[in-house]
$ cat work36.json   # JSON, C-alpha atoms
[["chain", "number", "residue", "atom", "x", "y", "z"],
["A", 24, "MET", "CA", 10.36, 33.78, -41.90],
["A", 25, "THR", "CA", 12.18, 36.51, -43.79],
["A", 26, "GLU", "CA", 10.00, 37.57, -46.69],
["A", 27, "PRO", "CA", 11.66, 36.81, -50.05],
["A", 28, "ASP", "CA", 13.02, 39.73, -52.07],
["A", 29, "PHE", "CA", 10.42, 39.49, -54.81],
["A", 30, "SER", "CA", 12.24, 42.12, -56.89],
["A", 31, "LYS", "CA", 14.88, 39.48, -57.69],
["A", 32, "ILE", "CA", 12.36, 36.97, -59.03],
["A", 33, "GLU", "CA", 9.54, 39.17, -60.31],
["A", 34, "THR", "CA", 10.12, 38.08, -63.92],
["A", 35, "ALA", "CA", 10.70, 34.38, -63.15],
["A", 36, "GLY", "CA", 8.06, 33.31, -65.67],
["A", 37, "CYS", "CA", 9.76, 35.33, -68.42],
["A", 38, "PRO", "CA", 13.14, 36.63, -67.24],
["A", 39, "ALA", "CA", 13.94, 40.22, -68.19],
["A", 40, "GLY", "CA", 16.32, 42.98, -67.15],
["A", 41, "ASP", "CA", 19.32, 42.80, -64.86],
["A", 42, "ALA", "CA", 17.40, 40.94, -62.14],
["A", 43, "GLY", "CA", 16.21, 38.38, -64.69],
["A", 44, "ARG", "CA", 19.74, 37.84, -65.97],
["A", 45, "ASP", "CA", 21.07, 37.39, -62.44],
["A", 46, "MET", "CA", 18.28, 34.91, -61.72],
["A", 47, "ILE", "CA", 18.82, 32.65, -64.73],
["A", 48, "LEU", "CA", 22.58, 32.63, -64.21],
["A", 49, "ARG", "CA", 21.99, 31.66, -60.57],
["A", 50, "MET", "CA", 19.68, 28.86, -61.74],
["A", 51, "ASN", "CA", 22.46, 27.64, -64.05],
["A", 52, "ARG", "CA", 24.71, 27.28, -61.01],
["A", 53, "GLU", "CA", 22.28, 26.08, -58.35],
["A", 54, "HIS", "CA", 20.10, 23.62, -60.27],
["A", 55, "GLY", "CA", 22.91, 21.31, -61.37],
["A", 56, "PRO", "CA", 22.03, 18.52, -58.88],
["A", 57, "LEU", "CA", 18.33, 18.73, -59.79],
["A", 58, "ARG", "CA", 19.15, 18.48, -63.50],
["A", 59, "ALA", "CA", 21.50, 15.54, -62.94],
["A", 60, "TRP", "CA", 18.82, 13.69, -60.96],
["A", 61, "GLY", "CA", 16.30, 14.28, -63.73],
["A", 62, "PHE", "CA", 18.68, 13.29, -66.55],
["A", 63, "ALA", "CA", 19.42, 9.99, -64.79],
["A", 64, "HIS", "CA", 15.79, 8.98, -65.37],
["A", 65, "VAL", "CA", 15.34, 9.60, -69.08],
["A", 66, "PRO", "CA", 16.94, 8.11, -72.22],
["A", 67, "VAL", "CA", 18.69, 10.84, -74.20],
["A", 68, "GLY", "CA", 18.27, 10.46, -77.96],
["A", 69, "ARG", "CA", 19.97, 12.00, -80.97],
["A", 70, "SER", "CA", 17.72, 15.08, -81.02],
["A", 71, "VAL", "CA", 16.82, 16.89, -77.79],
["A", 72, "LEU", "CA", 14.56, 19.84, -76.98],
["A", 73, "ASP", "CA", 14.71, 21.78, -73.70],
["A", 74, "VAL", "CA", 11.44, 23.68, -73.09],
["A", 75, "GLY", "CA", 12.01, 26.70, -70.86],
["A", 76, "CYS", "CA", 15.77, 26.43, -71.28],
["A", 77, "GLY", "CA", 16.69, 29.54, -69.29],
["A", 78, "ALA", "CA", 20.40, 30.31, -69.58],
["A", 79, "GLY", "CA", 21.17, 26.98, -71.24],
["A", 80, "ALA", "CA", 23.05, 24.97, -68.61],
["A", 81, "ALA", "CA", 20.97, 21.82, -69.12],
["A", 82, "LEU", "CA", 21.82, 21.59, -72.81],
["A", 83, "ARG", "CA", 25.49, 22.32, -72.19],
["A", 84, "GLU", "CA", 25.60, 19.42, -69.72],
["A", 85, "LEU", "CA", 23.86, 17.14, -72.24],
["A", 86, "ALA", "CA", 26.20, 18.26, -75.04],
["A", 87, "GLU", "CA", 29.17, 17.14, -72.98],
["A", 88, "ARG", "CA", 27.48, 13.90, -71.96],
["A", 89, "CYS", "CA", 26.05, 13.04, -75.41],
["A", 90, "PRO", "CA", 28.51, 14.26, -78.06],
["A", 91, "GLU", "CA", 26.39, 13.04, -80.99],
["A", 92, "ALA", "CA", 23.15, 14.73, -79.92],
["A", 93, "GLU", "CA", 21.66, 17.73, -81.70],
["A", 94, "LEU", "CA", 20.29, 20.11, -79.09],
["A", 95, "THR", "CA", 17.58, 22.77, -79.22],
["A", 96, "GLY", "CA", 16.54, 25.11, -76.45],
["A", 97, "CYS", "CA", 13.47, 27.31, -76.40],
["A", 98, "ASP", "CA", 12.25, 29.95, -73.99],
["A", 99, "ILE", "CA", 9.63, 32.69, -74.15],
["A", 100, "SER", "CA", 12.18, 35.14, -72.77],
["A", 101, "PRO", "CA", 14.35, 36.97, -75.33],
["A", 102, "LEU", "CA", 16.89, 37.53, -72.55],
["A", 103, "ALA", "CA", 17.11, 33.79, -71.85],
["A", 104, "VAL", "CA", 17.62, 32.99, -75.53],
["A", 105, "GLU", "CA", 20.30, 35.67, -75.83],
["A", 106, "THR", "CA", 22.10, 34.55, -72.68],
["A", 107, "ALA", "CA", 21.94, 30.82, -73.48],
["A", 108, "THR", "CA", 23.26, 31.44, -76.99],
["A", 109, "ALA", "CA", 26.20, 33.46, -75.67],
["A", 110, "LEU", "CA", 27.06, 30.98, -72.93],
["A", 111, "ASN", "CA", 26.99, 28.08, -75.41],
["A", 112, "GLU", "CA", 28.68, 29.93, -78.26],
["A", 113, "ASP", "CA", 31.11, 27.10, -78.96],
["A", 114, "PHE", "CA", 28.36, 24.52, -79.44],
["A", 115, "VAL", "CA", 26.17, 26.95, -81.40],
["A", 116, "LYS", "CA", 29.02, 27.78, -83.80],
["A", 117, "ALA", "CA", 29.73, 24.06, -84.21],
["A", 118, "GLY", "CA", 26.12, 23.54, -85.32],
["A", 119, "ARG", "CA", 25.28, 21.24, -82.42],
["A", 120, "MET", "CA", 23.02, 23.62, -80.52],
["A", 121, "ARG", "CA", 20.44, 26.33, -81.25],
["A", 122, "PHE", "CA", 18.10, 28.50, -79.21],
["A", 123, "LEU", "CA", 14.71, 29.90, -80.21],
["A", 124, "GLN", "CA", 12.22, 32.26, -78.62],
["A", 125, "CYS", "CA", 9.01, 30.26, -78.26],
["A", 126, "GLY", "CA", 7.11, 28.18, -75.73],
["A", 127, "VAL", "CA", 4.21, 25.85, -75.14],
["A", 128, "PRO", "CA", 1.57, 25.33, -76.29],
["A", 129, "ASP", "CA", 2.80, 26.68, -79.66],
["A", 130, "LEU", "CA", 6.12, 25.08, -80.57],
["A", 131, "PRO", "CA", 7.33, 25.82, -84.13],
["A", 132, "PHE", "CA", 8.53, 22.27, -84.76],
["A", 133, "SER", "CA", 7.15, 19.49, -86.91],
["A", 134, "ASP", "CA", 5.44, 16.42, -85.52],
["A", 135, "GLY", "CA", 7.94, 13.89, -84.20],
["A", 136, "ALA", "CA", 10.93, 16.24, -84.48],
["A", 137, "PHE", "CA", 12.69, 15.16, -81.26],
["A", 138, "ASP", "CA", 13.73, 11.93, -79.59],
["A", 139, "THR", "CA", 13.84, 13.52, -76.13],
["A", 140, "VAL", "CA", 12.19, 16.57, -74.58],
["A", 141, "ILE", "CA", 13.16, 17.91, -71.16],
["A", 142, "SER", "CA", 11.83, 20.74, -69.04],
["A", 143, "VAL", "CA", 13.40, 21.75, -65.72],
["A", 144, "GLU", "CA", 11.72, 24.26, -63.41],
["A", 145, "SER", "CA", 9.40, 25.57, -66.13],
["A", 146, "LEU", "CA", 6.04, 23.80, -65.94],
["A", 147, "TYR", "CA", 4.83, 26.04, -63.08],
["A", 148, "PHE", "CA", 4.51, 28.98, -65.45],
["A", 149, "TRP", "CA", 2.81, 27.36, -68.44],
["A", 150, "PRO", "CA", -0.58, 28.94, -69.21],
["A", 151, "ASP", "CA", -2.19, 25.51, -69.68],
["A", 152, "GLN", "CA", -0.16, 22.59, -68.36],
["A", 153, "VAL", "CA", -2.09, 19.83, -70.14],
["A", 154, "ALA", "CA", -2.05, 21.72, -73.45],
["A", 155, "GLY", "CA", 1.67, 22.27, -73.03],
["A", 156, "LEU", "CA", 2.30, 18.59, -72.39],
["A", 157, "LYS", "CA", 0.17, 17.62, -75.39],
["A", 158, "GLU", "CA", 2.26, 19.94, -77.56],
["A", 159, "ILE", "CA", 5.44, 18.36, -76.24],
["A", 160, "ARG", "CA", 4.03, 14.93, -77.03],
["A", 161, "ARG", "CA", 3.25, 16.12, -80.59],
["A", 162, "VAL", "CA", 6.88, 17.09, -81.28],
["A", 163, "LEU", "CA", 8.21, 13.83, -79.82],
["A", 164, "ALA", "CA", 9.04, 11.00, -82.18],
["A", 165, "PRO", "CA", 7.16, 7.72, -81.62],
["A", 166, "GLY", "CA", 8.79, 6.04, -78.64],
["A", 167, "GLY", "CA", 10.43, 9.30, -77.58],
["A", 168, "TRP", "CA", 10.68, 10.35, -73.94],
["A", 169, "PHE", "CA", 9.76, 13.46, -71.97],
["A", 170, "MET", "CA", 11.12, 14.35, -68.53],
["A", 171, "THR", "CA", 10.38, 17.22, -66.17],
["A", 172, "ALA", "CA", 12.05, 17.99, -62.84],
["A", 173, "LEU", "CA", 10.70, 20.43, -60.26],
["A", 174, "GLU", "CA", 11.83, 21.73, -56.87],
["A", 175, "MET", "CA", 8.60, 23.54, -55.94],
["A", 176, "VAL", "CA", 6.25, 20.67, -55.12],
["A", 177, "GLY", "CA", 2.65, 20.90, -54.00],
["A", 178, "GLY", "CA", 2.31, 19.90, -50.35],
["A", 179, "ALA", "CA", 6.09, 19.85, -49.76],
["A", 180, "MET", "CA", 7.12, 23.50, -49.63],
["A", 181, "ASN", "CA", 8.44, 25.63, -46.79],
["A", 182, "GLU", "CA", 7.00, 29.03, -45.88],
["A", 183, "ARG", "CA", 9.40, 30.94, -48.10],
["A", 184, "GLN", "CA", 8.56, 28.79, -51.12],
["A", 185, "LEU", "CA", 4.85, 29.15, -50.44],
["A", 186, "ALA", "CA", 5.21, 32.92, -50.37],
["A", 187, "ILE", "CA", 7.00, 32.85, -53.73],
["A", 188, "VAL", "CA", 4.37, 30.56, -55.27],
["A", 189, "GLU", "CA", 1.55, 32.79, -54.07],
["A", 190, "HIS", "CA", 3.23, 35.99, -55.25],
["A", 191, "LEU", "CA", 4.08, 34.66, -58.71],
["A", 192, "LYS", "CA", 0.82, 32.70, -59.06],
["A", 193, "MET", "CA", 2.71, 29.51, -59.86],
["A", 194, "ARG", "CA", 0.89, 26.19, -60.35],
["A", 195, "CYS", "CA", 2.91, 23.55, -58.51],
["A", 196, "PRO", "CA", 1.58, 19.99, -58.78],
["A", 197, "ASN", "CA", 2.14, 17.28, -56.21],
["A", 198, "LEU", "CA", 3.15, 13.75, -57.19],
["A", 199, "ASP", "CA", -0.35, 12.50, -57.98],
["A", 200, "GLU", "CA", -1.33, 15.68, -59.81],
["A", 201, "LEU", "CA", 1.78, 15.53, -62.00],
["A", 202, "ARG", "CA", 1.06, 11.91, -62.90],
["A", 203, "VAL", "CA", -2.50, 12.84, -63.90],
["A", 204, "LEU", "CA", -1.22, 15.70, -66.08],
["A", 205, "LEU", "CA", 1.05, 13.39, -68.08],
["A", 206, "VAL", "CA", -1.61, 10.71, -68.43],
["A", 207, "GLU", "CA", -4.20, 13.27, -69.57],
["A", 208, "ALA", "CA", -1.70, 14.52, -72.16],
["A", 209, "GLY", "CA", -1.48, 11.01, -73.60],
["A", 210, "PHE", "CA", 1.90, 9.81, -72.34],
["A", 211, "ALA", "CA", 2.52, 6.11, -71.74],
["A", 212, "ASP", "CA", 4.80, 4.42, -69.20],
["A", 213, "VAL", "CA", 4.45, 7.40, -66.87],
["A", 214, "THR", "CA", 6.64, 7.31, -63.78],
["A", 215, "VAL", "CA", 6.71, 9.94, -61.04],
["A", 216, "GLU", "CA", 9.18, 10.11, -58.17],
["A", 217, "PHE", "CA", 9.46, 12.33, -55.10],
["A", 218, "GLU", "CA", 12.95, 12.75, -53.66],
["A", 219, "PRO", "CA", 12.36, 13.38, -49.95],
["A", 220, "GLU", "CA", 15.78, 14.72, -48.91],
["A", 221, "HIS", "CA", 15.62, 17.72, -51.23],
["A", 222, "ARG", "CA", 11.84, 17.57, -51.78],
["A", 223, "TRP", "CA", 12.23, 17.35, -55.56],
["A", 224, "LEU", "CA", 9.71, 15.92, -58.00],
["A", 225, "ARG", "CA", 10.40, 14.23, -61.32],
["A", 226, "ALA", "CA", 8.16, 12.69, -63.94],
["A", 227, "SER", "CA", 8.78, 11.01, -67.26],
["A", 228, "GLY", "CA", 6.63, 9.51, -69.97],
["A", 229, "ARG", "CA", 6.92, 7.95, -73.42],
["A", 230, "LYS", "CA", 5.02, 8.78, -76.60]]
$ encode --input "work36.json" --output "C-alpha coordinates"
Amino acid sequence: MTEPDFSKIETAGCPAGDAGRDMILRMNREHGPLRAWGFAHVPVGRSVLDVGCGAGAALRELAERCPEAELTGCDISPLAVETATALNEDFVKAGRMRFLQCGVPDLPFSDGAFDTVISVESLYFWPDQVAGLKEIRRVLAPGGWFMTALEMVGGAMNERQLAIVEHLKMRCPNLDELRVLLVEAGFADVTVEFEPEHRWLRASGRK
(Lines of atoms letter the chains of each structure in order from A and count residues from 1; the text may use other names and numbers.)
(Lines give C-alpha, C1' and ligand atoms only; values in the text may rest on other atoms or scores of the structure.)
Protein backbone atom coordinates (compact mmCIF):
# COMPACT_ATOMS: atom_id res chain seq x y z
CA MET A 1 0.00 0.00 0.00
CA THR A 2 1.20 3.50 -0.84
CA GLU A 3 0.83 5.62 2.28
CA PRO A 4 -1.69 8.45 1.78
CA ASP A 5 -0.36 11.99 1.44
CA PHE A 6 -1.69 13.18 4.77
CA SER A 7 -0.69 16.78 4.00
CA LYS A 8 -3.61 16.94 1.54
CA ILE A 9 -6.19 15.88 4.13
CA GLU A 10 -4.68 17.09 7.40
CA THR A 11 -7.51 19.59 7.97
CA ALA A 12 -10.34 17.28 6.83
CA GLY A 13 -12.28 17.85 10.05
CA CYS A 14 -12.12 21.63 9.57
CA PRO A 15 -10.74 22.48 6.11
CA ALA A 16 -8.23 25.33 6.00
CA GLY A 17 -5.57 26.71 3.68
CA ASP A 18 -4.86 25.79 0.08
CA ALA A 19 -4.88 22.05 0.80
CA GLY A 20 -8.25 22.37 2.54
CA ARG A 21 -9.71 24.28 -0.40
CA ASP A 22 -8.43 21.70 -2.86
CA MET A 23 -9.91 18.92 -0.71
CA ILE A 24 -13.43 20.34 -0.41
CA LEU A 25 -13.55 21.17 -4.12
CA ARG A 26 -12.46 17.59 -4.86
CA MET A 27 -15.23 16.32 -2.57
CA ASN A 28 -17.72 18.45 -4.51
CA ARG A 29 -16.70 16.60 -7.67
CA GLU A 30 -16.14 13.07 -6.39
CA HIS A 31 -19.00 12.61 -3.92
CA GLY A 32 -21.82 13.24 -6.40
CA PRO A 33 -22.84 9.55 -6.66
CA LEU A 34 -22.76 9.15 -2.86
CA ARG A 35 -24.95 12.24 -2.42
CA ALA A 36 -27.41 11.07 -5.08
CA TRP A 37 -27.72 7.67 -3.39
CA GLY A 38 -28.38 9.33 -0.05
CA PHE A 39 -30.89 11.85 -1.43
CA ALA A 40 -32.89 9.02 -3.00
CA HIS A 41 -33.69 7.75 0.50
CA VAL A 42 -35.00 10.87 2.22
CA PRO A 43 -38.03 13.12 1.63
CA VAL A 44 -36.88 16.67 0.90
CA GLY A 45 -39.08 19.32 2.51
CA ARG A 46 -39.46 23.06 2.07
CA SER A 47 -36.63 23.92 4.47
CA VAL A 48 -33.35 21.99 4.40
CA LEU A 49 -30.19 22.10 6.51
CA ASP A 50 -26.88 20.54 5.46
CA VAL A 51 -24.63 19.94 8.49
CA GLY A 52 -20.96 19.90 7.48
CA CYS A 53 -21.78 21.35 4.08
CA GLY A 54 -18.20 21.66 2.82
CA ALA A 55 -18.05 23.52 -0.49
CA GLY A 56 -21.82 23.39 -0.96
CA ALA A 57 -22.38 20.90 -3.78
CA ALA A 58 -25.13 19.01 -1.94
CA LEU A 59 -27.30 22.10 -1.53
CA ARG A 60 -26.71 23.19 -5.11
CA GLU A 61 -27.95 19.79 -6.30
CA LEU A 62 -31.00 20.05 -4.04
CA ALA A 63 -31.70 23.62 -5.20
CA GLU A 64 -31.91 22.40 -8.77
CA ARG A 65 -33.99 19.37 -7.82
CA CYS A 66 -36.34 21.19 -5.41
CA PRO A 67 -36.90 24.74 -6.72
CA GLU A 68 -39.22 25.74 -3.86
CA ALA A 69 -36.91 24.67 -1.03
CA GLU A 70 -35.10 27.13 1.24
CA LEU A 71 -31.60 25.81 1.86
CA THR A 72 -29.13 26.38 4.69
CA GLY A 73 -25.62 25.02 4.96
CA CYS A 74 -23.41 25.09 8.02
CA ASP A 75 -19.80 24.13 8.60
CA ILE A 76 -17.29 24.78 11.36
CA SER A 77 -14.73 25.79 8.73
CA PRO A 78 -14.69 29.47 7.71
CA LEU A 79 -13.04 28.40 4.45
CA ALA A 80 -15.90 26.00 3.67
CA VAL A 81 -18.52 28.68 4.35
CA GLU A 82 -16.65 31.18 2.18
CA THR A 83 -16.18 28.70 -0.66
CA ALA A 84 -19.75 27.38 -0.58
CA THR A 85 -21.14 30.92 -0.59
CA ALA A 86 -19.03 31.87 -3.61
CA LEU A 87 -19.84 28.72 -5.56
CA ASN A 88 -23.58 29.18 -4.92
CA GLU A 89 -23.61 32.95 -5.39
CA ASP A 90 -26.63 32.87 -7.70
CA PHE A 91 -28.81 31.02 -5.18
CA VAL A 92 -27.51 33.09 -2.25
CA LYS A 93 -28.31 36.37 -4.05
CA ALA A 94 -31.77 35.02 -4.92
CA GLY A 95 -32.42 34.44 -1.21
CA ARG A 96 -32.83 30.68 -1.60
CA MET A 97 -29.60 29.64 0.10
CA ARG A 98 -27.40 30.75 3.01
CA PHE A 99 -24.27 29.47 4.72
CA LEU A 100 -23.25 29.86 8.36
CA GLN A 101 -20.18 28.97 10.39
CA CYS A 102 -21.39 26.59 13.09
CA GLY A 103 -21.70 22.90 13.84
CA VAL A 104 -23.10 20.28 16.16
CA PRO A 105 -23.86 20.05 18.96
CA ASP A 106 -24.55 23.82 19.06
CA LEU A 107 -26.71 24.82 16.10
CA PRO A 108 -28.01 28.43 16.23
CA PHE A 109 -31.48 27.51 14.99
CA SER A 110 -34.82 27.34 16.75
CA ASP A 111 -36.56 24.10 17.62
CA GLY A 112 -38.31 22.60 14.60
CA ALA A 113 -36.73 25.01 12.10
CA PHE A 114 -36.19 22.49 9.27
CA ASP A 115 -38.20 19.86 7.45
CA THR A 116 -35.10 17.96 6.33
CA VAL A 117 -31.53 17.74 7.64
CA ILE A 118 -28.75 16.04 5.71
CA SER A 119 -25.11 15.36 6.50
CA VAL A 120 -22.71 13.76 4.02
CA GLU A 121 -19.22 12.66 5.05
CA SER A 122 -19.26 14.71 8.25
CA LEU A 123 -20.35 12.54 11.18
CA TYR A 124 -16.86 11.02 11.56
CA PHE A 125 -15.52 14.30 12.92
CA TRP A 126 -18.26 15.27 15.37
CA PRO A 127 -16.96 15.57 18.95
CA ASP A 128 -19.97 13.65 20.30
CA GLN A 129 -22.01 11.79 17.70
CA VAL A 130 -25.08 11.14 19.85
CA ALA A 131 -25.15 14.75 21.09
CA GLY A 132 -24.83 15.94 17.51
CA LEU A 133 -27.71 13.76 16.37
CA LYS A 134 -29.86 14.94 19.29
CA GLU A 135 -29.19 18.54 18.26
CA ILE A 136 -30.19 17.74 14.69
CA ARG A 137 -33.38 16.14 15.96
CA ARG A 138 -34.09 19.31 17.99
CA VAL A 139 -33.97 21.56 14.91
CA LEU A 140 -36.15 19.18 12.88
CA ALA A 141 -39.86 19.88 12.63
CA PRO A 142 -42.19 17.13 13.91
CA GLY A 143 -42.27 14.46 11.24
CA GLY A 144 -39.10 15.83 9.63
CA TRP A 145 -36.38 13.56 8.28
CA PHE A 146 -32.62 13.27 8.77
CA MET A 147 -30.24 11.45 6.42
CA THR A 148 -26.51 10.81 6.59
CA ALA A 149 -24.33 9.11 3.98
CA LEU A 150 -20.79 7.86 4.60
CA GLU A 151 -18.07 6.21 2.53
CA MET A 152 -15.73 5.33 5.41
CA VAL A 153 -17.53 2.43 7.08
CA GLY A 154 -16.41 0.46 10.11
CA GLY A 155 -15.37 -3.06 9.12
CA ALA A 156 -15.49 -2.30 5.37
CA MET A 157 -12.40 -0.19 4.69
CA ASN A 158 -9.27 -0.91 2.69
CA GLU A 159 -5.75 -0.38 4.05
CA ARG A 160 -5.49 3.15 2.71
CA GLN A 161 -8.79 4.17 4.31
CA LEU A 162 -7.76 2.58 7.60
CA ALA A 163 -4.53 4.57 7.58
CA ILE A 164 -6.48 7.80 7.02
CA VAL A 165 -8.96 6.98 9.79
CA GLU A 166 -6.17 6.23 12.24
CA HIS A 167 -4.20 9.35 11.34
CA LEU A 168 -7.19 11.70 11.58
CA LYS A 169 -8.72 9.89 14.58
CA MET A 170 -12.04 9.53 12.79
CA ARG A 171 -14.94 7.62 14.36
CA CYS A 172 -16.47 5.48 11.61
CA PRO A 173 -19.52 3.44 12.62
CA ASN A 174 -20.58 0.20 11.00
CA LEU A 175 -24.20 -0.49 10.06
CA ASP A 176 -25.32 -1.66 13.49
CA GLU A 177 -23.44 1.09 15.31
CA LEU A 178 -24.99 3.78 13.11
CA ARG A 179 -28.48 2.41 13.76
CA VAL A 180 -27.84 2.49 17.51
CA LEU A 181 -26.62 6.10 17.30
CA LEU A 182 -29.85 7.27 15.63
CA VAL A 183 -32.05 5.30 18.00
CA GLU A 184 -30.18 6.65 21.04
CA ALA A 185 -30.68 10.16 19.68
CA GLY A 186 -34.44 9.59 19.64
CA PHE A 187 -35.16 9.10 15.93
CA ALA A 188 -38.07 6.94 14.82
CA ASP A 189 -38.45 4.82 11.68
CA VAL A 190 -34.68 4.38 11.50
CA THR A 191 -33.40 2.61 8.40
CA VAL A 192 -29.77 1.81 7.66
CA GLU A 193 -28.41 0.43 4.40
CA PHE A 194 -24.97 -0.77 3.31
CA GLU A 195 -24.22 -0.55 -0.40
CA PRO A 196 -21.74 -3.37 -1.03
CA GLU A 197 -20.40 -2.37 -4.47
CA HIS A 198 -19.00 0.95 -3.27
CA ARG A 199 -19.04 0.05 0.45
CA TRP A 200 -21.19 3.07 1.31
CA LEU A 201 -23.40 3.44 4.37
CA ARG A 202 -26.61 5.43 4.68
CA ALA A 203 -29.03 5.98 7.52
CA SER A 204 -32.22 7.96 7.89
CA GLY A 205 -34.68 8.64 10.68
CA ARG A 206 -37.79 10.67 11.42
CA LYS A 207 -38.52 12.99 14.34
$ closest_residue --input "work36.json" --among "A:Ala107, A:Cys76, A:Leu146, A:Leu102" --to "A:Ala42" --atoms "all atoms listed in the file"
A:Leu102
$ atom_distance --input "work36.json" --atom1 "atom CA of A:Asp73" --atom2 "atom CA of A:Pro38"
16.3 Å
$ residues_near_point --input "work36.json" --point "(-1.5, 30.8, -70.7)" --cutoff "12 Å" --atoms "all atoms listed in the file" --output "list in words"
Gly36, Ile99, Gly126, Val127, Pro128, Asp129, Leu146, Tyr147, Phe148, Trp149, Pro150, Asp151, Gln152, Val153, Ala154, Gly155, Met193 and Arg194 of chain A
$ atom_distance --input "work36.json" --atom1 "atom CA of A:Asn51" --atom2 "atom CA of A:Ala78"
6.5 Å
$ closest_residue --input "work36.json" --among "A:Arg202, A:Arg58, A:His64, A:Arg161" --to "A:Gly79" --atoms "all atoms listed in the file"
A:Arg58
$ residues_near_point --input "work36.json" --point "(21.0, 32.0, -75.9)" --cutoff "8 Å" --atoms "all atoms listed in the file" --output "ChimeraX atom specification"
/A:78-79,102-111,121-123
$ closest_atom_pairs --input "work36.json" --of "stretch 85-185 of chain A" --to "stretch 25-34 of chain A" --cutoff "10 Å" --atoms "only C-alpha atoms" --output "tab-separated table"
residue	atom	partner	partner_atom	distance
A:Ser100	CA	A:Thr34	CA	9.6
A:Glu182	CA	A:Glu26	CA	9.1
A:Arg183	CA	A:Pro27	CA	6.6
A:Gln184	CA	A:Pro27	CA	8.7
$ closest_atom_pairs --input "work36.json" --of "stretch 138-163 of chain A" --to "stretch 82-92 of chain A" --cutoff "12 Å" --atoms "all atoms listed in the file" --output "Markdown table"
| residue | atom | partner | partner_atom | distance |
| --- | --- | --- | --- | --- |
| A:Asp138 | CA | A:Ala92 | CA | 9.8 |
| A:Thr139 | CA | A:Ala92 | CA | 10.1 |
| A:Val140 | CA | A:Leu82 | CA | 11.0 |
| A:Ile141 | CA | A:Leu82 | CA | 9.6 |
| A:Ser142 | CA | A:Leu82 | CA | 10.7 |
| A:Val143 | CA | A:Leu82 | CA | 11.0 |
$ closest_residue --input "work36.json" --among "A:Met120, A:Val162, A:Val213, A:Val115" --to "A:Gly228" --atoms "all atoms listed in the file"
A:Val213
